[in-house]
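Participant: Provided herewith is a single structure, encoded as structure tokens, for subsequent inquiry.
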Amino acid sequence: MKSIIFLLGILFITNSNAQKIDCSSKIKIYQELLVANKISESFESWNDVRKICPKESEVIYSDGIQILNFKIDNANLEEKEKWVRDLLKLYDQYNKNFPIAIPDFEIKKAMTLVTHKIDSKEEIFTLLDSGFAKVSQNITDANAISTYFNLYCERYNDGDKKITPSLILEKYSSLSTVLNKLKELYPENNDYKTVQRGIDDLMNEIATCENLSDFYSKNLDKNKENTDWLASSLISLSGKCTAKPIFQTLAERLYALKVTAQSANFMALTNIKKRKFPEAIKFYIESAELQKNPLEKAKLYYTLATGLLVNDKSKSKEYLNKALTADPKMGKAYLFLAQLYSNGAKDCGATDFEKKAVHYLAIETAQKASLADPRLKPTVEKMTANFAPNSLTPSEISKAKMNGKTITLSCWINETITFPIK
């Protein structure tokens with residue numbers, strides 16, 4: 001009896017190893033066809049592996065997605081949906097055998113139907129609704145977020161009684177939180193900003209300042225430690241509702257939990273609304289210094305220079321230069337600086353020659369704008385034409401025997417001009 005059991009054990013192990021070897025060899029067969037770009041021919045061998053060895057490797061599913069997408073793209077209209085349905089089935093199998101690898105499989109199924117224009121709106125909505133409820137933190141597909149919210153609003157507008165204005169605001173808030181996180185993780189991806197603008201547009205009638213204030217006030221207590229929720233709420237309010245008390249409450253709460261470029265910026269906005277301008281300047285500077293994206297840093301410095309600091313010419317110039325250090329292609333900073341110089345000619349020129357030299361500097365500075373951003377060339381030409389009547393002419397420079405020499409302009413300008421030799 002023991003010997004029979006022993007033999008059965010050996011046979012079981014042998015069969016298992018043979019199965020494993022068979023799976024590996026079958027994978028190799030279809031992958032060789034894939035490498036040779038014989039995608040259609042690889043289907044049969046791949047399909048065998050899919051049935052016989054579903055747990056062998058994740059690569060079976062990534063390869064299968066490629067193969068089935070090829071089948072879909074090359075199918076006629078009658079066969080197309082059949083292959084789409086097979087791909088949906090594959091996503092189910094993928095999730096069953098490797099759930100950790102593809103937690104957002106329902107989202108992928110829904111977007112497969114969308115991508116291949118399968119008319120199944122109810123099915124798409126159901127898949128997206130389930131997927132977002134389960135794994136919203138794993139979703140990175142901007143189009144999926146847009147499609148889901150569009151369908152959600154469409155059902156509301158069609159009179160679906162299950163979707164109330166309160167639920168719409170809740171969905172808007174949760175998706176905005178997802179988008180805000182994605183914008184932080186992938187700042188170079190403009191799709192998330194585009195989708196955010198899109199869902200904001202859909203919410204125009206519902207997301208009034210009053211409705212948003214009520215919604216965020218009611219939900220603050222349960223989200224008071226959630227920095228993602230606080231940040232996305234402030235983004236939603238920052239367009240037109242910064243004067244609302246809830247904006248200040250949320251801004252102060254977020255800043256207390258997490259000092260970042262974003263939270264400091266919200267504090268700057270709330271202090272502007274309270275007309276506490278020195279505090280607003282302090283927070284703007286902090287926001288800019290914490291900002292890692294040089295283009296965003298430049299924008300903050302430019303906003304400071306042309307807004308809160310515009311009456312302090314020395315500070316305005318300082319922060320325009322900081323903006324240009326962060327983004328040398330910010331031509332508009334040169335234009336503003338040029339105008340600043342021109343406006344300061346009376347204050348910073350002790351003699352008529354020096355006053356004209358200030359306008360000469362303004363022209364030189366404006367011309368840097370078109371080098372930084374060629375699109376500004378028409379504006380630069382118009383601006384330099386305005387400065388020219390008050391600037392030094394070549395004959396005036398020669399008459400003053402300043403060819404090839406330098407002059408330092410004092411006052412807040414504190415710049416040195418080198419005149420051409422001739």
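We label chains A, B, ... in the order they appear in the structure tokens, count residues from 1 in each chain, and number ligands from 1 in the order shown.
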Need to verify the contact set: stretch 246-250 of chain A, 7 Å, only C-alpha atoms, exclusion of same-chain residues closer than 3 positions in sequence. Can you return it as a PyMOL selection string?

Facilitator: chain A and resi 213+217+230+234+237+242+253-254+270

Participant: Which residues are close to A:Ala385, i.e. within 12 Å by only C-alpha atoms, leaving aside same-chain residues fewer than 6 positions away? Reply as a compact mmCIF listing (two decimals) with C-alpha atoms, in the first residue's frame.

Facilitator:
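That gives us out26.txt:
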```txt
# COMPACT_ATOMS: atom_id res chain seq x y z
CA HIS A 359 14.52 105.04 -20.92
CA TYR A 360 17.50 103.62 -22.85
CA ALA A 362 13.95 100.31 -20.50
CA ILE A 363 14.33 99.70 -24.26
CA ALA A 366 12.05 95.22 -23.27
CA GLN A 367 14.09 93.79 -26.13
CA PRO A 378 4.89 92.85 -31.66
CA THR A 379 4.37 94.02 -28.05
CA SER A 391 15.55 107.80 -24.79
```

Participant: Tell me, as number ranges by chain, which residues lie within 12 Å of stretch 345-351 of chain A, counting only C-alpha atoms; anything in the same chain fewer than 6 positions away does not count.

Facilitator: A: 313-314, 338-339, 357-362, 387, 390-391, 407-415

Participant: Leaving out A:Gly307 and any residue of its chain fewer than 3 positions from it, which residues lie within 12 Å of it when counting only C-alpha atoms, given as a list in words?

Facilitator: Ile272, Phe277, Ala280, Ile281, Tyr284, Lys299, Leu300, Tyr301, Tyr302, Thr303, Leu304, Val310, Asn311, Asp312, Lys313, Lys315, Ser316, Tyr319, Leu320 and Phe336 of chain A

Participant: A:Gln31, A:Gln93, A:Thr112, A:Ser25: which is nearest A:Lys51, counting only C-alpha atoms?

Facilitator: A:Gln93

Participant: Residues at most 9 Å from A:Leu88, counting only C-alpha atoms, excluding those fewer than 5 positions away in the same chain, as a PDB file with N, CA, C and O atoms, in the first residue's frame?

Facilitator:
```pdb
ATOM      1  N   TRP A  83     -14.574  40.534 -30.065  1.00  0.00           N
ATOM      2  CA  TRP A  83     -13.209  40.614 -29.549  1.00  0.00           C
ATOM      3  C   TRP A  83     -13.120  41.552 -28.351  1.00  0.00           C
ATOM      4  O   TRP A  83     -12.337  41.316 -27.418  1.00  0.00           O
ATOM      5  N   GLN A  93     -10.307  37.646 -15.794  1.00  0.00           N
ATOM      6  CA  GLN A  93      -9.395  36.551 -15.469  1.00  0.00           C
ATOM      7  C   GLN A  93      -8.111  37.085 -14.831  1.00  0.00           C
ATOM      8  O   GLN A  93      -7.573  36.487 -13.891  1.00  0.00           O
ATOM      9  N   PHE A 105      -9.342  46.895 -12.554  1.00  0.00           N
ATOM     10  CA  PHE A 105      -9.755  46.169 -13.763  1.00  0.00           C
ATOM     11  C   PHE A 105     -11.126  46.619 -14.269  1.00  0.00           C
ATOM     12  O   PHE A 105     -11.385  46.622 -15.471  1.00  0.00           O
ATOM     13  N   GLU A 106     -12.012  47.025 -13.371  1.00  0.00           N
ATOM     14  CA  GLU A 106     -13.347  47.475 -13.819  1.00  0.00           C
ATOM     15  C   GLU A 106     -13.241  48.791 -14.601  1.00  0.00           C
ATOM     16  O   GLU A 106     -13.981  48.995 -15.573  1.00  0.00           O
ATOM     17  N   LYS A 108     -10.650  49.671 -16.357  1.00  0.00           N
ATOM     18  CA  LYS A 108     -10.062  49.302 -17.653  1.00  0.00           C
ATOM     19  C   LYS A 108     -11.122  48.677 -18.568  1.00  0.00           C
ATOM     20  O   LYS A 108     -11.124  48.918 -19.781  1.00  0.00           O
ATOM     21  N   LYS A 109     -12.014  47.889 -17.997  1.00  0.00           N
ATOM     22  CA  LYS A 109     -13.097  47.303 -18.796  1.00  0.00           C
ATOM     23  C   LYS A 109     -14.005  48.407 -19.348  1.00  0.00           C
ATOM     24  O   LYS A 109     -14.362  48.396 -20.534  1.00  0.00           O
ATOM     25  N   ALA A 110     -14.370  49.333 -18.482  1.00  0.00           N
ATOM     26  CA  ALA A 110     -15.258  50.427 -18.912  1.00  0.00           C
ATOM     27  C   ALA A 110     -14.612  51.250 -20.020  1.00  0.00           C
ATOM     28  O   ALA A 110     -15.252  51.560 -21.039  1.00  0.00           O
ATOM     29  N   THR A 112     -12.306  50.333 -22.063  1.00  0.00           N
ATOM     30  CA  THR A 112     -12.198  49.526 -23.289  1.00  0.00           C
ATOM     31  C   THR A 112     -13.466  49.691 -24.116  1.00  0.00           C
ATOM     32  O   THR A 112     -13.416  49.871 -25.343  1.00  0.00           O
ATOM     33  N   LEU A 113     -14.614  49.665 -23.450  1.00  0.00           N
ATOM     34  CA  LEU A 113     -15.896  49.873 -24.146  1.00  0.00           C
ATOM     35  C   LEU A 113     -15.964  51.283 -24.734  1.00  0.00           C
ATOM     36  O   LEU A 113     -16.445  51.472 -25.852  1.00  0.00           O
TER      37      LEU A 113
END
```

Participant: Quick one: distance from atom CA of A:Gln196 to atom CA of A:Thr140 in Å, one decimal?

Facilitator: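 Going from atom CA of A:Gln196 over to atom CA of A:Thr140 covers 13.4 Å.
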
Participant: Which one of A:Asp86, A:Asp228, A:Asp200, A:Glu381 sits closest to A:Val178 if you count only C-alpha atoms?

Facilitator: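 Among the listed residues, the smallest separation from A:Val178 belongs to A:Asp228.
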
Participant: Out of stretch 262-363 of chain A, which residues get helix (DSSP H, G or I) from DSSP, as number ranges by chain?

Facilitator: A: 262-273, 277-290, 294-306, 313-326, 331-343, 345-348, 352-363

Participant: Have a look at atom CA of A:Pro389 and atom CA of A:Leu340 and let me know their distance in Å, one decimal.

Facilitator: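 Interatomic distance here is 16.9 Å.
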
Participant: From the list A:Lys26, A:Lys368, A:Lys171, A:His116, which residue is nearest A:Lys329 when using only C-alpha atoms?

Facilitator: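 Of A:Lys26, A:Lys368, A:Lys171, A:His116, the one nearest A:Lys329, counting only C-alpha atoms, is A:Lys368.
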
Participant: Find the residue from A:Val135, A:Ala261, A:Val49, A:Met111 that sits nearest to A:Pro99; use only C-alpha atoms when measuring.

Facilitator: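 Smallest separation from A:Pro99 among the options: A:Val135.
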
Participant: Point out the residue among A:Lys244, A:Lys258, A:Lys422, A:Arg155 with the least atom-to-atom distance to A:Ile168, counting only C-alpha atoms.

Facilitator: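 Among A:Lys244, A:Lys258, A:Lys422, A:Arg155, it is A:Arg155 that comes nearest to A:Ile168.
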
Participant: Quick one: contact table of stretch 144-250 of chain A to stretch 120-123 of chain A, 12 Å max, nearest atom pair and distance in Å to one decimal per residue, counting only C-alpha atoms, chain and number order, as JSON lines?

Facilitator:
```
{"residue": "A:Thr147", "atom": "CA", "partner": "A:Lys121", "partner_atom": "CA", "distance": 10.4}
{"residue": "A:Tyr148", "atom": "CA", "partner": "A:Lys121", "partner_atom": "CA", "distance": 10.6}
{"residue": "A:Asn150", "atom": "CA", "partner": "A:Lys121", "partner_atom": "CA", "distance": 11.4}
{"residue": "A:Leu151", "atom": "CA", "partner": "A:Lys121", "partner_atom": "CA", "distance": 8.3}
{"residue": "A:Tyr152", "atom": "CA", "partner": "A:Glu122", "partner_atom": "CA", "distance": 10.9}
{"residue": "A:Glu154", "atom": "CA", "partner": "A:Lys121", "partner_atom": "CA", "distance": 10.9}
{"residue": "A:Arg155", "atom": "CA", "partner": "A:Glu122", "partner_atom": "CA", "distance": 10.1}
```
